[in-house]
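Data from work18.cif: mmCIF, C-alpha atoms and all ligand atoms
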data_run
#
loop_
_atom_site.label_atom_id
_atom_site.label_comp_id
_atom_site.auth_asym_id
_atom_site.auth_seq_id
_atom_site.Cartn_x
_atom_site.Cartn_y
_atom_site.Cartn_z
CA MET A 1 -2.69 -14.65 85.50
CA ALA A 2 -6.16 -14.86 87.03
CA GLU A 3 -8.49 -12.18 85.68
CA GLY A 4 -10.93 -10.45 88.02
CA HIS A 5 -13.79 -12.93 87.65
CA ALA A 6 -11.50 -15.70 88.94
CA VAL A 7 -10.50 -13.67 92.01
CA HIS A 8 -14.18 -12.94 92.76
CA GLY A 9 -14.73 -16.71 92.45
CA MET A 10 -11.96 -17.29 95.00
CA ALA A 11 -13.60 -14.80 97.37
CA ALA A 12 -16.86 -16.78 97.11
CA ARG A 13 -15.00 -19.99 98.02
CA VAL A 14 -13.18 -18.36 100.94
CA ARG A 15 -16.55 -17.15 102.29
CA ARG A 16 -17.40 -20.81 103.02
CA LEU A 17 -15.03 -20.55 106.00
CA VAL A 18 -16.67 -17.49 107.55
CA GLY A 19 -17.24 -17.73 111.29
CA GLN A 20 -15.19 -20.90 111.82
CA PRO A 21 -12.21 -20.41 114.14
CA GLY A 22 -9.08 -21.96 112.71
CA ARG A 23 -5.42 -22.70 113.02
CA SER A 24 -3.42 -20.17 111.10
CA SER A 25 0.05 -21.21 110.00
CA GLY A 26 2.75 -20.56 107.44
CA PRO A 27 6.25 -19.11 107.28
CA PRO A 28 6.40 -15.82 109.21
CA GLY A 29 7.48 -12.95 106.96
CA GLU A 30 8.04 -9.25 107.37
CA ALA A 31 4.61 -8.34 106.01
CA PHE A 32 2.67 -11.22 107.47
CA ASP A 33 3.04 -13.55 110.42
CA PRO A 34 0.24 -16.15 110.10
CA ALA A 35 0.51 -16.88 113.83
CA VAL A 36 -1.19 -13.59 114.73
CA LEU A 37 -4.43 -14.93 113.20
CA ASP A 38 -4.29 -18.26 115.03
CA GLY A 39 -7.54 -19.13 116.80
CA LEU A 40 -9.48 -16.36 115.06
CA ALA A 41 -12.17 -16.75 112.39
CA ILE A 42 -12.42 -15.41 108.87
CA GLY A 43 -15.02 -12.65 108.80
CA GLY A 44 -15.66 -12.48 105.04
CA ALA A 45 -13.91 -12.28 101.69
CA ASP A 46 -13.98 -9.64 99.03
CA ALA A 47 -12.25 -9.01 95.72
CA HIS A 48 -11.23 -5.76 94.10
CA GLY A 49 -9.77 -6.39 90.66
CA LYS A 50 -7.11 -9.04 91.07
CA HIS A 51 -6.73 -8.44 94.82
CA LEU A 52 -8.34 -10.72 97.39
CA LEU A 53 -9.20 -9.31 100.80
CA VAL A 54 -9.95 -11.55 103.77
CA PRO A 55 -11.08 -9.65 106.89
CA VAL A 56 -10.47 -11.48 110.14
CA ALA A 57 -13.41 -11.43 112.57
CA GLY A 58 -12.90 -9.72 115.90
CA SER A 59 -9.61 -8.15 114.80
CA PRO A 60 -8.51 -4.96 113.04
CA TRP A 61 -6.76 -7.05 110.36
CA THR A 62 -7.51 -8.01 106.80
CA GLY A 63 -5.46 -10.51 104.86
CA HIS A 64 -4.45 -9.08 101.48
CA LEU A 65 -3.48 -11.45 98.68
CA HIS A 66 -2.42 -10.97 95.09
CA LEU A 67 -1.67 -14.14 93.19
CA GLY A 68 0.42 -12.80 90.31
CA MET A 69 1.36 -15.39 87.68
CA HIS A 70 1.84 -18.49 89.82
CA GLY A 71 -0.15 -17.97 93.01
CA ARG A 72 -3.03 -20.17 93.99
CA VAL A 73 -5.79 -20.14 96.60
CA SER A 74 -7.37 -23.47 97.32
CA VAL A 75 -10.34 -24.16 99.61
CA ARG A 76 -11.12 -27.79 100.33
CA ARG A 77 -13.51 -29.61 102.62
CA HIS A 78 -11.45 -31.28 105.26
CA ARG A 79 -12.78 -32.84 108.44
CA ARG A 80 -10.29 -32.73 111.32
CA ALA A 81 -10.48 -33.96 114.90
CA LEU A 82 -10.82 -31.03 117.32
CA GLY A 83 -8.72 -30.41 120.42
CA ALA A 84 -10.01 -29.09 123.76
CA ASP A 85 -9.65 -25.51 122.42
CA GLY A 86 -12.15 -26.28 119.62
CA LEU A 87 -9.42 -26.04 116.96
CA PRO A 88 -8.18 -28.82 114.67
CA ARG A 89 -5.50 -30.93 116.38
CA THR A 90 -3.34 -32.10 113.50
CA ASP A 91 -1.94 -30.38 110.43
CA PRO A 92 -1.98 -31.90 106.93
CA PRO A 93 1.37 -32.04 105.06
CA VAL A 94 2.69 -28.66 103.94
CA PRO A 95 2.57 -28.07 100.15
CA GLU A 96 5.49 -26.44 98.33
CA GLY A 97 5.37 -22.67 98.25
CA LEU A 98 2.87 -22.41 101.10
CA ALA A 99 2.45 -18.80 102.28
CA TRP A 100 -0.63 -19.16 104.46
CA ARG A 101 -2.77 -21.99 105.67
CA PHE A 102 -6.02 -21.61 107.59
CA LEU A 103 -7.45 -24.86 108.90
CA THR A 104 -10.91 -24.99 110.45
CA ALA A 105 -12.98 -27.96 111.64
CA SER A 106 -14.37 -28.46 108.14
CA PHE A 107 -12.28 -26.50 105.62
CA LEU A 108 -8.68 -26.13 104.60
CA LEU A 109 -7.64 -22.86 102.98
CA GLU A 110 -4.17 -22.77 101.45
CA VAL A 111 -2.41 -19.95 99.66
CA THR A 112 0.68 -20.89 97.69
CA ARG A 113 3.21 -18.73 95.78
CA PRO A 114 1.35 -15.41 96.01
CA THR A 115 2.97 -12.17 94.86
CA ILE A 116 1.48 -10.39 97.86
CA CYS A 117 0.48 -11.97 101.16
CA GLU A 118 0.23 -9.39 103.92
CA VAL A 119 -1.98 -8.11 106.70
CA LEU A 120 -3.55 -4.67 106.37
CA ASP A 121 -5.33 -2.52 108.92
CA ALA A 122 -8.46 -0.51 107.99
CA GLU A 123 -6.31 2.36 106.72
CA GLY A 124 -4.32 0.00 104.51
CA VAL A 125 -7.51 -1.49 103.06
CA ALA A 126 -8.90 1.99 102.32
CA ALA A 127 -5.62 2.97 100.62
CA LEU A 128 -5.74 -0.17 98.46
CA HIS A 129 -9.33 0.54 97.30
CA GLU A 130 -8.25 4.12 96.64
CA ARG A 131 -5.41 3.17 94.32
CA LEU A 132 -7.44 0.61 92.33
CA GLY A 133 -9.82 1.64 89.57
CA PRO A 134 -13.50 0.62 89.44
CA ASP A 135 -14.03 -3.14 89.14
CA PRO A 136 -16.89 -4.25 86.84
CA LEU A 137 -17.82 -7.01 89.28
CA ARG A 138 -18.10 -4.86 92.39
CA ASP A 139 -21.51 -3.49 93.38
CA ASP A 140 -19.89 -0.23 94.46
CA ALA A 141 -18.26 0.36 91.04
CA ASP A 142 -19.48 3.61 89.59
CA PRO A 143 -19.93 3.34 85.77
CA GLU A 144 -19.58 7.10 85.35
CA ALA A 145 -16.27 7.08 87.21
CA ALA A 146 -15.02 4.23 85.04
CA VAL A 147 -15.97 6.00 81.81
CA ALA A 148 -14.49 9.29 83.06
CA ARG A 149 -11.16 7.60 83.84
CA LEU A 150 -11.00 6.07 80.36
CA SER A 151 -12.18 9.12 78.46
CA ARG A 152 -9.85 11.70 79.96
CA SER A 153 -6.68 9.86 78.99
CA ARG A 154 -4.52 10.27 75.90
CA ARG A 155 -3.21 6.75 76.41
CA ALA A 156 -4.37 3.88 74.18
CA LEU A 157 -7.55 2.19 75.35
CA GLY A 158 -5.82 -1.18 75.13
CA VAL A 159 -3.25 0.04 77.67
CA LEU A 160 -5.84 1.72 79.90
CA LEU A 161 -7.97 -1.41 80.21
CA LEU A 162 -5.06 -3.35 81.70
CA ASP A 163 -3.96 -0.53 84.03
CA GLN A 164 -5.40 -1.63 87.36
CA GLY A 165 -5.27 1.94 88.63
CA VAL A 166 -7.69 2.99 85.86
CA VAL A 167 -10.12 0.07 85.88
CA SER A 168 -9.43 -3.18 87.68
CA GLY A 169 -10.08 -6.85 87.09
CA ILE A 170 -9.86 -6.83 83.28
CA GLY A 171 -7.01 -9.03 82.06
CA ASN A 172 -5.58 -9.82 78.67
CA VAL A 173 -8.32 -12.15 77.41
CA TYR A 174 -11.15 -9.79 78.34
CA ARG A 175 -9.24 -6.82 76.91
CA ALA A 176 -8.92 -8.49 73.51
CA GLU A 177 -12.46 -9.82 73.34
CA LEU A 178 -14.22 -6.74 74.80
CA LEU A 179 -12.53 -4.41 72.30
CA TRP A 180 -13.36 -6.76 69.41
CA ARG A 181 -17.01 -6.93 70.50
CA ALA A 182 -17.07 -3.12 70.76
CA ARG A 183 -15.39 -2.79 67.31
CA ILE A 184 -12.74 -0.49 68.79
CA ASP A 185 -9.06 -0.66 67.78
CA PRO A 186 -6.96 -0.98 71.00
CA HIS A 187 -4.66 1.83 69.82
CA SER A 188 -7.45 4.42 70.00
CA PRO A 189 -6.67 6.97 72.71
CA GLY A 190 -9.25 6.83 75.51
CA ARG A 191 -10.21 10.46 74.91
CA ALA A 192 -10.88 9.86 71.18
CA VAL A 193 -13.50 7.17 71.79
CA PRO A 194 -17.09 8.47 72.13
CA PRO A 195 -18.23 8.26 75.78
CA GLU A 196 -21.33 6.26 74.72
CA ALA A 197 -19.01 3.62 73.25
CA LEU A 198 -17.04 3.51 76.52
CA GLU A 199 -20.26 3.18 78.52
CA ALA A 200 -21.32 0.26 76.32
CA LEU A 201 -17.86 -1.28 76.73
CA TRP A 202 -18.14 -1.01 80.53
CA GLN A 203 -21.60 -2.61 80.50
CA ASP A 204 -20.30 -5.40 78.31
CA ALA A 205 -17.41 -5.94 80.76
CA ILE A 206 -19.94 -6.29 83.61
CA ASP A 207 -22.01 -8.68 81.56
CA LEU A 208 -19.15 -10.87 80.31
CA MET A 209 -17.33 -11.00 83.63
CA THR A 210 -20.55 -11.87 85.49
CA VAL A 211 -20.98 -14.85 83.18
CA GLY A 212 -17.26 -15.65 83.67
CA LEU A 213 -17.70 -15.59 87.44
CA GLY A 214 -20.75 -17.87 87.25
CA ALA A 215 -19.15 -20.25 84.75
CA GLY A 216 -15.71 -20.26 86.37
CA TRP A 217 -14.03 -19.61 83.00
CA ILE A 218 -13.93 -16.86 80.37
CA VAL A 219 -16.86 -17.25 77.97
CA THR A 220 -16.98 -14.72 75.11
CA ASP A 221 -18.26 -16.61 72.05
CA PRO A 222 -21.82 -15.38 71.33
CA ARG A 223 -23.36 -18.85 71.08
CA GLN A 224 -21.53 -20.11 74.19
CA LEU A 225 -22.46 -16.92 76.05
CA SER A 226 -26.12 -17.43 75.32
CA ASP A 227 -25.99 -21.10 76.40
CA ALA A 228 -24.03 -20.19 79.55
CA ARG A 229 -26.55 -17.48 80.49
CA ASP A 230 -29.43 -19.96 80.10
CA LEU A 231 -27.68 -22.47 82.36
CA LEU A 232 -26.78 -19.86 84.99
CA THR A 233 -30.36 -18.53 85.01
CA ARG A 234 -31.54 -22.04 85.79
CA GLY A 235 -28.91 -22.34 88.54
CA GLU A 236 -27.01 -25.04 86.64
CA PRO A 237 -23.23 -25.28 86.25
CA VAL A 238 -21.64 -24.29 82.93
CA PRO A 239 -19.51 -27.10 81.47
CA ARG A 240 -15.95 -26.32 80.34
CA TRP A 241 -16.67 -26.19 76.62
CA ARG A 242 -13.84 -25.81 74.14
CA ARG A 243 -12.82 -22.17 74.34
CA ARG A 244 -13.65 -20.05 71.34
CA TYR A 245 -12.23 -16.57 71.07
CA ALA A 246 -12.65 -14.06 68.27
CA VAL A 247 -9.13 -12.59 68.39
CA TYR A 248 -7.33 -13.64 71.59
CA LEU A 249 -4.35 -15.90 70.69
CA ARG A 250 -5.54 -15.88 67.05
CA ARG A 251 -2.71 -13.91 65.44
CA GLY A 252 -2.60 -14.56 61.68
CA ARG A 253 -6.03 -16.26 61.62
CA PRO A 254 -9.12 -14.77 59.95
CA CYS A 255 -11.44 -12.56 61.99
CA PRO A 256 -14.74 -14.43 62.49
CA ARG A 257 -16.67 -11.23 61.69
CA CYS A 258 -14.92 -9.76 58.62
CA GLY A 259 -12.29 -12.28 57.56
CA GLU A 260 -9.36 -9.85 57.89
CA THR A 261 -6.18 -11.26 59.45
CA VAL A 262 -5.98 -10.88 63.23
CA ARG A 263 -2.95 -8.95 64.40
CA ALA A 264 -0.96 -9.05 67.62
CA GLU A 265 1.39 -6.59 69.24
CA ARG A 266 2.88 -6.01 72.66
CA MET A 267 0.72 -3.41 74.40
CA GLY A 268 1.16 -2.54 78.02
CA LEU A 269 2.65 -5.59 79.73
CA GLN A 270 0.93 -8.15 77.51
CA THR A 271 0.24 -8.92 73.86
CA ALA A 272 -2.88 -7.30 72.41
CA TYR A 273 -4.88 -9.05 69.69
CA TRP A 274 -7.22 -7.20 67.36
CA CYS A 275 -8.74 -7.17 63.88
CA PRO A 276 -7.67 -4.19 61.74
CA GLY A 277 -10.62 -4.89 59.41
CA CYS A 278 -13.57 -4.26 61.73
CA GLN A 279 -12.11 -2.62 64.86
CA VAL A 280 -12.20 1.09 64.20
CA LEU A 281 -9.22 3.28 65.06
CA HIS A 282 -10.52 6.49 66.68
CA PRO A 283 -7.64 8.90 65.96
ZN ZN B 301 -12.76 -8.22 61.73
#

Exercise: express the given structure as C-alpha cells:
Amino acid sequence: MAEGHAVHGMAARVRRLVGQPGRSSGPPGEAFDPAVLDGLAIGGADAHGKHLLVPVAGSPWTGHLHLGMHGRVSVRRHRRALGADGLPRTDPPVPEGLAWRFLTASFLLEVTRPTICEVLDAEGVAALHERLGPDPLRDDADPEAAVARLSRSRRALGVLLLDQGVVSGIGNVYRAELLWRARIDPHSPGRAVPPEALEALWQDAIDLMTVGLGAGWIVTDPRQLSDARDLLTRGEPVPRWRRRYAVYLRRGRPCPRCGETVRAERMGLQTAYWCPGCQVLHP
C-alpha cells in the first residue's frame, strides 16, 4: 500500500494537468460518473494521508481517490489531436480496471483499481479532512495536535501510528523505522511515552517523509538519508539504491544498533517489526 509520501508524489504529478480542459471518461458508478467532469479542467491536487483530492476548476466538485492495496494513478505525457471543441478527439485503449481517465491535449491521467473513486462537494471534503489525523507532509498539520492525539491514548503507539484517524500518511515501513530510530517499543501506550519523545518522533516523521517524497521511495538508512538529502538540496534526483532498513522485514535478523534479534508481530492491520534490545517499552 502506498504510504503518504507516495500519495503526495501523485498529487504533484496530477498538478501538471492543472488548467487544461480534458475528456473525462470511465465506467459510471453510484459514487462517481466521470461524464459530469467532461470538458472541465483540473483545478489542483492535494493529498491528506493516503487520500488524493483533485478539485475540478469551475465546479463545486472534488475527485476523491484512495488507492488501497492495488490502485494506481498514472500521469503520462500524451499529445493528442484536438477537435473543434478544443478537446482531444480520440481515446487511447482502455486499461484493465480503469475507474477514471482524464485526457487533456498533453497529458493522460488514469486511475485504475482504486478502493475509493468518488466526487465530493465542499462539505464532503471538509468532513474527510475532519476525520483524518494530522499528516506530517501537510503544511497545515499542527504538531501539537498530533502529539496530543498520540499522548492521550491508552492504545499502543504502534497501533496509533497506523490509525489514519489519529495521524495520517504513516504506513507500515515508516512505523517500524520511525519507532526504531526513536528507540521506542511499539507496544508502549501512547500516554506512557514522554511528550518530548512524541514531538521528536513527529519531527522525524516530517523529515523522513519529506526525503521520501523528494526521492520517490522510502529512505531510512542513516548513510542513504544523508546522501539523499545532499542530492535533493542540489535539486538532483535520488537513485533507487538498494533498500536498507533497520527492522522492517528483518524478523530474526540482528538489530544493526545493538545486535539483538529483531521481532515481528501482528499489530493493528499489519505486522510490526521492532528490536526488544534497544527499543524501550514505556509501561
Ligand atoms: Zn537494537

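Around ligand ZN 301 (chain B), the neighbouring residues within 10 Å, taking all atoms listed in the file, come to Trp180, Arg181, Arg183, Ala246, Val247, Pro254, Cys255, Pro256, Arg257, Cys258, Gly259, Glu260, Thr261, Val262, Trp274, Cys275, Pro276, Gly277, Cys278, Gln279 and Val280 of chain A.
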
May I have the selected residues written with C-alpha atoms, as a compact mmCIF listing (two decimals), keeping the file's coordinate frame?
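File written: result12.txt
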# COMPACT_ATOMS: atom_id res chain seq x y z
CA TRP A 180 -13.36 -6.76 69.41
CA ARG A 181 -17.01 -6.93 70.50
CA ARG A 183 -15.39 -2.79 67.31
CA ALA A 246 -12.65 -14.06 68.27
CA VAL A 247 -9.13 -12.59 68.39
CA PRO A 254 -9.12 -14.77 59.95
CA CYS A 255 -11.44 -12.56 61.99
CA PRO A 256 -14.74 -14.43 62.49
CA ARG A 257 -16.67 -11.23 61.69
CA CYS A 258 -14.92 -9.76 58.62
CA GLY A 259 -12.29 -12.28 57.56
CA GLU A 260 -9.36 -9.85 57.89
CA THR A 261 -6.18 -11.26 59.45
CA VAL A 262 -5.98 -10.88 63.23
CA TRP A 274 -7.22 -7.20 67.36
CA CYS A 275 -8.74 -7.17 63.88
CA PRO A 276 -7.67 -4.19 61.74
CA GLY A 277 -10.62 -4.89 59.41
CA CYS A 278 -13.57 -4.26 61.73
CA GLN A 279 -12.11 -2.62 64.86
CA VAL A 280 -12.20 1.09 64.20

Self-check item: Neighbour list for region 121-136 of chain A as an NGL selection string, cut-off 7 Å, only C-alpha atoms, skip fewer than 4 positions in-chain
Solution: :A and (48-49 or 60-62 or 141-142 or 146 or 164-169 or 205-206)

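Distances from A:Ala272, A:Val193, A:Leu160, A:Met10 to Arg250 (chain A) were compared using all atoms listed in the file, and the smallest one belongs to A:Ala272.
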
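Taking only C-alpha atoms into account, Val219 (chain A) lies nearest to A:His5 out of the set A:His5, A:Val159, A:Val54, A:Asp38.
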
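Near Pro186 (chain A), within a cut-off of 7 Å and counting all atoms listed in the file, sit the residues Ala156, Leu157, Gly158 and Leu179 of chain A, with same-chain residues fewer than 4 positions away left out.
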
Quiz item: Separation of CA of Gly43 (chain A) and CA of Arg15 (chain A), in Å?
Solution: 8.1 Å

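Using all atoms listed in the file for every distance, the candidate list A:Gly171, A:Gly97, A:Gly190, A:Gly22 yields A:Gly22 as the residue closest to Leu109 (chain A).
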
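Near His8 (chain A), within a cut-off of 10 Å and counting only C-alpha atoms, sit the residues Glu3, Arg13, Val14, Ala45, Asp46, Ala47, His48, Gly49, Lys50, His51, Leu52, Leu137, Arg138, Gly169, Met209, Thr210, Gly212, Leu213, Gly214 and Gly216 of chain A, with same-chain residues fewer than 5 positions away left out.
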
Quiz item: Which residues, protein or nucleic acid, reach to within 9 Å of (5.6, -11.4, 97.3) in the file's coordinates when using only C-alpha atoms, and can you give that as a PyMOL selection string?
Solution: chain A and resi 66-68+113-118

Self-check item: Residues within 10 Å of Ala35 (chain A), all atoms listed in the file, excluding chain neighbours under 4 positions, as a PyMOL selection string
Solution: chain A and resi 23-28+39+100

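Here CA of Leu82 (chain A) stands at a distance of 17.7 Å from CA of Val18 (chain A).
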
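Proximity to Glu30 (chain A) was assessed for A:Leu225, A:Val119, A:Leu17, A:Leu231 counting all atoms listed in the file; the smallest distance is recorded for A:Val119.
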
Quiz item: Which neighbours of Arg191 (chain A) fall inside 7 Å, counting only C-alpha atoms, when residues of the same chain fewer than 4 positions from it are skipped, and could you give them as a ChimeraX atom specification?
Solution: /A:151-154

Selection above as a file: C-alpha atoms, as an mmCIF file, keeping the file's coordinate frame:
data_model
loop_
_atom_site.group_PDB
_atom_site.id
_atom_site.type_symbol
_atom_site.label_atom_id
_atom_site.label_comp_id
_atom_site.auth_asym_id
_atom_site.auth_seq_id
_atom_site.Cartn_x
_atom_site.Cartn_y
_atom_site.Cartn_z
ATOM 1 C CA SER A 151 -12.180 9.120 78.460
ATOM 2 C CA ARG A 152 -9.850 11.700 79.960
ATOM 3 C CA SER A 153 -6.680 9.860 78.990
ATOM 4 C CA ARG A 154 -4.520 10.270 75.900
#

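Pairwise distance (CA of Glu96 (chain A), CA of Leu269 (chain A)) equals 28.1 Å.
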
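Among A:Asp163, A:Asp185, A:Asp230, A:Glu177, the residue with the shortest atom-to-atom distance to Asp204 (chain A), counting only C-alpha atoms, is A:Glu177.
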
Expected file for region 104-126 of chain A keeping N, CA and C atoms, as a PDB file, in the first residue's frame:
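selection-v7.pdb written:
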ATOM      1  N   THR A 104      -6.136  15.269 -21.512  1.00  0.00           N
ATOM      2  CA  THR A 104      -6.044  16.653 -21.980  1.00  0.00           C
ATOM      3  C   THR A 104      -5.208  16.664 -23.254  1.00  0.00           C
ATOM      4  N   ALA A 105      -4.954  17.871 -23.789  1.00  0.00           N
ATOM      5  CA  ALA A 105      -4.170  17.972 -25.024  1.00  0.00           C
ATOM      6  C   ALA A 105      -2.772  17.389 -24.827  1.00  0.00           C
ATOM      7  N   SER A 106      -2.228  17.460 -23.618  1.00  0.00           N
ATOM      8  CA  SER A 106      -0.843  16.997 -23.458  1.00  0.00           C
ATOM      9  C   SER A 106      -0.627  15.937 -22.385  1.00  0.00           C
ATOM     10  N   PHE A 107      -1.637  15.636 -21.581  1.00  0.00           N
ATOM     11  CA  PHE A 107      -1.430  14.629 -20.527  1.00  0.00           C
ATOM     12  C   PHE A 107      -2.574  13.623 -20.473  1.00  0.00           C
ATOM     13  N   LEU A 108      -2.217  12.435 -20.029  1.00  0.00           N
ATOM     14  CA  LEU A 108      -3.203  11.384 -19.815  1.00  0.00           C
ATOM     15  C   LEU A 108      -3.114  10.959 -18.353  1.00  0.00           C
ATOM     16  N   LEU A 109      -4.214  11.186 -17.635  1.00  0.00           N
ATOM     17  CA  LEU A 109      -4.308  10.735 -16.242  1.00  0.00           C
ATOM     18  C   LEU A 109      -5.197   9.499 -16.205  1.00  0.00           C
ATOM     19  N   GLU A 110      -4.716   8.435 -15.600  1.00  0.00           N
ATOM     20  CA  GLU A 110      -5.538   7.233 -15.481  1.00  0.00           C
ATOM     21  C   GLU A 110      -5.494   6.698 -14.058  1.00  0.00           C
ATOM     22  N   VAL A 111      -6.661   6.377 -13.551  1.00  0.00           N
ATOM     23  CA  VAL A 111      -6.781   5.788 -12.215  1.00  0.00           C
ATOM     24  C   VAL A 111      -7.322   4.379 -12.396  1.00  0.00           C
ATOM     25  N   THR A 112      -6.576   3.393 -11.926  1.00  0.00           N
ATOM     26  CA  THR A 112      -7.038   2.013 -12.050  1.00  0.00           C
ATOM     27  C   THR A 112      -7.153   1.369 -10.664  1.00  0.00           C
ATOM     28  N   ARG A 113      -8.144   0.512 -10.519  1.00  0.00           N
ATOM     29  CA  ARG A 113      -8.384  -0.305  -9.313  1.00  0.00           C
ATOM     30  C   ARG A 113      -8.325   0.442  -7.975  1.00  0.00           C
ATOM     31  N   PRO A 114      -8.886   1.631  -7.895  1.00  0.00           N
ATOM     32  CA  PRO A 114      -8.864   2.316  -6.587  1.00  0.00           C
ATOM     33  C   PRO A 114      -9.851   1.665  -5.619  1.00  0.00           C
ATOM     34  N   THR A 115      -9.641   1.892  -4.329  1.00  0.00           N
ATOM     35  CA  THR A 115     -10.616   1.455  -3.326  1.00  0.00           C
ATOM     36  C   THR A 115     -11.759   2.462  -3.278  1.00  0.00           C
ATOM     37  N   ILE A 116     -11.383   3.746  -3.397  1.00  0.00           N
ATOM     38  CA  ILE A 116     -12.392   4.807  -3.424  1.00  0.00           C
ATOM     39  C   ILE A 116     -12.153   5.663  -4.663  1.00  0.00           C
ATOM     40  N   CYS A 117     -13.209   5.911  -5.418  1.00  0.00           N
ATOM     41  CA  CYS A 117     -13.153   6.868  -6.519  1.00  0.00           C
ATOM     42  C   CYS A 117     -14.530   7.514  -6.526  1.00  0.00           C
ATOM     43  N   GLU A 118     -14.610   8.733  -6.020  1.00  0.00           N
ATOM     44  CA  GLU A 118     -15.912   9.374  -5.872  1.00  0.00           C
ATOM     45  C   GLU A 118     -15.758  10.869  -6.028  1.00  0.00           C
ATOM     46  N   VAL A 119     -16.888  11.557  -6.145  1.00  0.00           N
ATOM     47  CA  VAL A 119     -16.872  13.007  -6.234  1.00  0.00           C
ATOM     48  C   VAL A 119     -17.472  13.566  -4.953  1.00  0.00           C
ATOM     49  N   LEU A 120     -16.763  14.513  -4.352  1.00  0.00           N
ATOM     50  CA  LEU A 120     -17.246  15.140  -3.116  1.00  0.00           C
ATOM     51  C   LEU A 120     -17.564  16.601  -3.377  1.00  0.00           C
ATOM     52  N   ASP A 121     -18.517  17.142  -2.624  1.00  0.00           N
ATOM     53  CA  ASP A 121     -18.717  18.590  -2.643  1.00  0.00           C
ATOM     54  C   ASP A 121     -17.880  19.173  -1.494  1.00  0.00           C
ATOM     55  N   ALA A 122     -17.944  20.506  -1.320  1.00  0.00           N
ATOM     56  CA  ALA A 122     -17.084  21.154  -0.317  1.00  0.00           C
ATOM     57  C   ALA A 122     -17.315  20.583   1.079  1.00  0.00           C
ATOM     58  N   GLU A 123     -18.577  20.266   1.361  1.00  0.00           N
ATOM     59  CA  GLU A 123     -18.914  19.707   2.677  1.00  0.00           C
ATOM     60  C   GLU A 123     -18.263  18.331   2.866  1.00  0.00           C
ATOM     61  N   GLY A 124     -18.289  17.538   1.803  1.00  0.00           N
ATOM     62  CA  GLY A 124     -17.689  16.203   1.840  1.00  0.00           C
ATOM     63  C   GLY A 124     -16.182  16.288   2.044  1.00  0.00           C
ATOM     64  N   VAL A 125     -15.546  17.262   1.389  1.00  0.00           N
ATOM     65  CA  VAL A 125     -14.100  17.435   1.536  1.00  0.00           C
ATOM     66  C   VAL A 125     -13.780  17.837   2.974  1.00  0.00           C
ATOM     67  N   ALA A 126     -14.561  18.766   3.516  1.00  0.00           N
ATOM     68  CA  ALA A 126     -14.330  19.216   4.903  1.00  0.00           C
ATOM     69  C   ALA A 126     -14.495  18.048   5.870  1.00  0.00           C
TER      70      ALA A 126
END
